[in-house]
>>> print(open('model-v7.csv').read())   # CSV, C-alpha atoms
chain,number,residue,atom,x,y,z
T,5,MET,CA,43.4,4.4,7.1
T,6,THR,CA,42.8,4.2,3.4
T,7,GLU,CA,39.4,4.5,1.9
T,8,GLN,CA,39.4,0.8,1.1
T,9,ALA,CA,40.2,-0.1,4.7
T,10,HIS,CA,37.3,2.1,5.8
T,11,ARG,CA,34.9,0.3,3.5
T,12,ILE,CA,36.1,-3.1,4.6
T,13,THR,CA,35.8,-2.1,8.3
T,14,ALA,CA,32.3,-0.7,7.7
T,15,GLN,CA,31.2,-3.9,5.9
T,16,ALA,CA,32.6,-6.1,8.7
T,17,ARG,CA,30.8,-4.0,11.2
T,18,ARG,CA,27.5,-4.3,9.3
T,19,GLU,CA,27.9,-8.1,9.1
T,20,ALA,CA,28.7,-8.4,12.8
T,21,ASP,CA,25.7,-6.3,13.6
T,22,ALA,CA,23.4,-8.6,11.5
T,23,ILE,CA,24.9,-11.7,13.2
T,24,LEU,CA,24.3,-10.2,16.7
T,25,ALA,CA,20.7,-9.2,15.8
T,26,GLU,CA,20.0,-12.8,14.8
T,27,ALA,CA,21.6,-14.2,17.9
T,28,ARG,CA,19.5,-11.8,20.0
T,29,LYS,CA,16.3,-13.1,18.3
T,30,GLN,CA,17.3,-16.7,18.9
T,31,ALA,CA,18.1,-16.0,22.5
T,32,GLU,CA,14.7,-14.4,23.0
T,33,ARG,CA,13.0,-17.5,21.5
T,34,ILE,CA,15.0,-19.8,23.8
T,35,ALA,CA,14.2,-17.7,26.8
T,36,ALA,CA,10.5,-17.8,25.9
T,37,VAL,CA,10.6,-21.6,25.7
T,38,CYS,CA,12.4,-21.9,29.0
T,39,ALA,CA,9.9,-19.6,30.6
T,40,GLU,CA,7.1,-21.8,29.2
T,41,ILE,CA,8.7,-24.9,30.7
T,42,VAL,CA,9.1,-23.3,34.1
T,43,MET,CA,5.5,-22.0,34.1
T,44,GLU,CA,3.7,-25.0,32.8
T,45,PRO,CA,5.9,-28.1,33.0
T,46,SER,CA,3.1,-30.7,32.9
T,47,ARG,CA,1.9,-29.2,29.6
T,48,ILE,CA,5.4,-29.4,28.2
T,49,VAL,CA,5.7,-33.0,29.3
T,50,ARG,CA,2.4,-33.9,27.5
T,51,LYS,CA,3.7,-32.1,24.4
T,52,LEU,CA,7.0,-34.1,24.6
T,53,HIS,CA,5.1,-37.4,24.9
T,54,SER,CA,2.8,-36.6,22.0
T,55,ARG,CA,5.6,-35.4,19.7
T,56,TRP,CA,8.4,-37.7,20.6
T,57,PRO,CA,7.2,-40.7,22.6
T,58,ARG,CA,10.4,-42.7,22.3
T,59,ALA,CA,12.6,-39.8,23.4
T,60,ALA,CA,10.2,-39.0,26.3
T,61,GLY,CA,10.4,-42.7,27.4
T,62,ARG,CA,14.2,-42.5,27.4
T,63,LEU,CA,14.1,-39.4,29.5
T,64,ASN,CA,11.6,-41.0,32.0
T,65,VAL,CA,9.2,-38.0,31.8
>>> encode(input="model-v7.csv", output="structure tokens")
Amino acid sequence: MTEQAHRITAQARREADAILAEARKQAERIAAVCAEIVMEPSRIVRKLHSRWPRAAGRLNV
């Protein structure tokens, strides 16, 4: 490969790594919320009612 192709490949790899790192962080946040819902569902339902009463009513929770 040419030097330019190496630079482009390296830049693409860095960008892909950054995207994957952000996706991992978001997945960890989602997993934490899911764990909270599983461990304390009644508290989550109260939170839902207090923050979004109309939405909670539509969901029948």
>>> atom_distance(input="model-v7.csv", atom1="atom CA of T:Ala36", atom2="atom CA of T:Ile48")
12.9 Å
>>> atom_distance(input="model-v7.csv", atom1="atom CA of T:Glu44", atom2="atom CA of T:Trp56")
18.2 Å
>>> atom_distance(input="model-v7.csv", atom1="atom CA of T:Leu52", atom2="atom CA of T:Arg33")
17.9 Å
>>> build_atoms(input="model-v7.csv", residues="stretch 21-41 of chain T", atoms="N, CA, C and O atoms", output="PDB file, keeping the file's coordinate frame")
ATOM      1  N   ASP T  21      26.925  -6.784  13.092  1.00  0.00           N
ATOM      2  CA  ASP T  21      25.700  -6.300  13.600  1.00  0.00           C
ATOM      3  C   ASP T  21      24.501  -7.226  13.255  1.00  0.00           C
ATOM      4  O   ASP T  21      23.627  -7.528  14.060  1.00  0.00           O
ATOM      5  N   ALA T  22      24.498  -7.688  12.004  1.00  0.00           N
ATOM      6  CA  ALA T  22      23.400  -8.600  11.500  1.00  0.00           C
ATOM      7  C   ALA T  22      23.513  -9.924  12.289  1.00  0.00           C
ATOM      8  O   ALA T  22      22.479 -10.475  12.696  1.00  0.00           O
ATOM      9  N   ILE T  23      24.712 -10.437  12.491  1.00  0.00           N
ATOM     10  CA  ILE T  23      24.900 -11.700  13.200  1.00  0.00           C
ATOM     11  C   ILE T  23      24.405 -11.527  14.674  1.00  0.00           C
ATOM     12  O   ILE T  23      23.692 -12.385  15.209  1.00  0.00           O
ATOM     13  N   LEU T  24      24.763 -10.430  15.296  1.00  0.00           N
ATOM     14  CA  LEU T  24      24.300 -10.200  16.700  1.00  0.00           C
ATOM     15  C   LEU T  24      22.821 -10.035  16.782  1.00  0.00           C
ATOM     16  O   LEU T  24      22.204 -10.529  17.723  1.00  0.00           O
ATOM     17  N   ALA T  25      22.209  -9.381  15.812  1.00  0.00           N
ATOM     18  CA  ALA T  25      20.700  -9.200  15.800  1.00  0.00           C
ATOM     19  C   ALA T  25      20.067 -10.578  15.741  1.00  0.00           C
ATOM     20  O   ALA T  25      19.096 -10.850  16.462  1.00  0.00           O
ATOM     21  N   GLU T  26      20.550 -11.445  14.879  1.00  0.00           N
ATOM     22  CA  GLU T  26      20.000 -12.800  14.800  1.00  0.00           C
ATOM     23  C   GLU T  26      20.186 -13.584  16.042  1.00  0.00           C
ATOM     24  O   GLU T  26      19.294 -14.291  16.501  1.00  0.00           O
ATOM     25  N   ALA T  27      21.354 -13.460  16.642  1.00  0.00           N
ATOM     26  CA  ALA T  27      21.600 -14.200  17.900  1.00  0.00           C
ATOM     27  C   ALA T  27      20.696 -13.677  19.011  1.00  0.00           C
ATOM     28  O   ALA T  27      20.209 -14.480  19.818  1.00  0.00           O
ATOM     29  N   ARG T  28      20.421 -12.390  19.049  1.00  0.00           N
ATOM     30  CA  ARG T  28      19.500 -11.800  20.000  1.00  0.00           C
ATOM     31  C   ARG T  28      18.087 -12.422  19.850  1.00  0.00           C
ATOM     32  O   ARG T  28      17.415 -12.787  20.817  1.00  0.00           O
ATOM     33  N   LYS T  29      17.640 -12.507  18.578  1.00  0.00           N
ATOM     34  CA  LYS T  29      16.300 -13.100  18.300  1.00  0.00           C
ATOM     35  C   LYS T  29      16.248 -14.523  18.773  1.00  0.00           C
ATOM     36  O   LYS T  29      15.259 -14.940  19.385  1.00  0.00           O
ATOM     37  N   GLN T  30      17.292 -15.289  18.480  1.00  0.00           N
ATOM     38  CA  GLN T  30      17.300 -16.700  18.900  1.00  0.00           C
ATOM     39  C   GLN T  30      17.326 -16.811  20.415  1.00  0.00           C
ATOM     40  O   GLN T  30      16.653 -17.673  20.984  1.00  0.00           O
ATOM     41  N   ALA T  31      18.078 -15.953  21.075  1.00  0.00           N
ATOM     42  CA  ALA T  31      18.100 -16.000  22.500  1.00  0.00           C
ATOM     43  C   ALA T  31      16.762 -15.656  23.132  1.00  0.00           C
ATOM     44  O   ALA T  31      16.358 -16.265  24.135  1.00  0.00           O
ATOM     45  N   GLU T  32      16.045 -14.730  22.524  1.00  0.00           N
ATOM     46  CA  GLU T  32      14.700 -14.400  23.000  1.00  0.00           C
ATOM     47  C   GLU T  32      13.757 -15.587  22.836  1.00  0.00           C
ATOM     48  O   GLU T  32      12.947 -15.878  23.723  1.00  0.00           O
ATOM     49  N   ARG T  33      13.869 -16.294  21.713  1.00  0.00           N
ATOM     50  CA  ARG T  33      13.000 -17.500  21.500  1.00  0.00           C
ATOM     51  C   ARG T  33      13.350 -18.560  22.532  1.00  0.00           C
ATOM     52  O   ARG T  33      12.443 -19.189  23.081  1.00  0.00           O
ATOM     53  N   ILE T  34      14.629 -18.778  22.783  1.00  0.00           N
ATOM     54  CA  ILE T  34      15.000 -19.800  23.800  1.00  0.00           C
ATOM     55  C   ILE T  34      14.535 -19.397  25.151  1.00  0.00           C
ATOM     56  O   ILE T  34      14.022 -20.239  25.899  1.00  0.00           O
ATOM     57  N   ALA T  35      14.645 -18.139  25.504  1.00  0.00           N
ATOM     58  CA  ALA T  35      14.200 -17.700  26.800  1.00  0.00           C
ATOM     59  C   ALA T  35      12.663 -17.876  26.939  1.00  0.00           C
ATOM     60  O   ALA T  35      12.171 -18.259  28.008  1.00  0.00           O
ATOM     61  N   ALA T  36      11.921 -17.658  25.862  1.00  0.00           N
ATOM     62  CA  ALA T  36      10.500 -17.800  25.900  1.00  0.00           C
ATOM     63  C   ALA T  36      10.124 -19.316  26.129  1.00  0.00           C
ATOM     64  O   ALA T  36       9.225 -19.638  26.914  1.00  0.00           O
ATOM     65  N   VAL T  37      10.839 -20.207  25.468  1.00  0.00           N
ATOM     66  CA  VAL T  37      10.600 -21.600  25.700  1.00  0.00           C
ATOM     67  C   VAL T  37      10.947 -22.045  27.090  1.00  0.00           C
ATOM     68  O   VAL T  37      10.194 -22.783  27.739  1.00  0.00           O
ATOM     69  N   CYS T  38      12.050 -21.558  27.601  1.00  0.00           N
ATOM     70  CA  CYS T  38      12.400 -21.900  29.000  1.00  0.00           C
ATOM     71  C   CYS T  38      11.396 -21.367  29.968  1.00  0.00           C
ATOM     72  O   CYS T  38      11.044 -22.071  30.914  1.00  0.00           O
ATOM     73  N   ALA T  39      10.889 -20.177  29.751  1.00  0.00           N
ATOM     74  CA  ALA T  39       9.900 -19.600  30.600  1.00  0.00           C
ATOM     75  C   ALA T  39       8.596 -20.483  30.569  1.00  0.00           C
ATOM     76  O   ALA T  39       7.960 -20.745  31.596  1.00  0.00           O
ATOM     77  N   GLU T  40       8.253 -20.959  29.382  1.00  0.00           N
ATOM     78  CA  GLU T  40       7.100 -21.800  29.200  1.00  0.00           C
ATOM     79  C   GLU T  40       7.264 -23.117  30.011  1.00  0.00           C
ATOM     80  O   GLU T  40       6.348 -23.585  30.695  1.00  0.00           O
ATOM     81  N   ILE T  41       8.455 -23.694  29.939  1.00  0.00           N
ATOM     82  CA  ILE T  41       8.700 -24.900  30.700  1.00  0.00           C
ATOM     83  C   ILE T  41       8.620 -24.710  32.166  1.00  0.00           C
ATOM     84  O   ILE T  41       8.038 -25.518  32.888  1.00  0.00           O
TER      85      ILE T  41
END
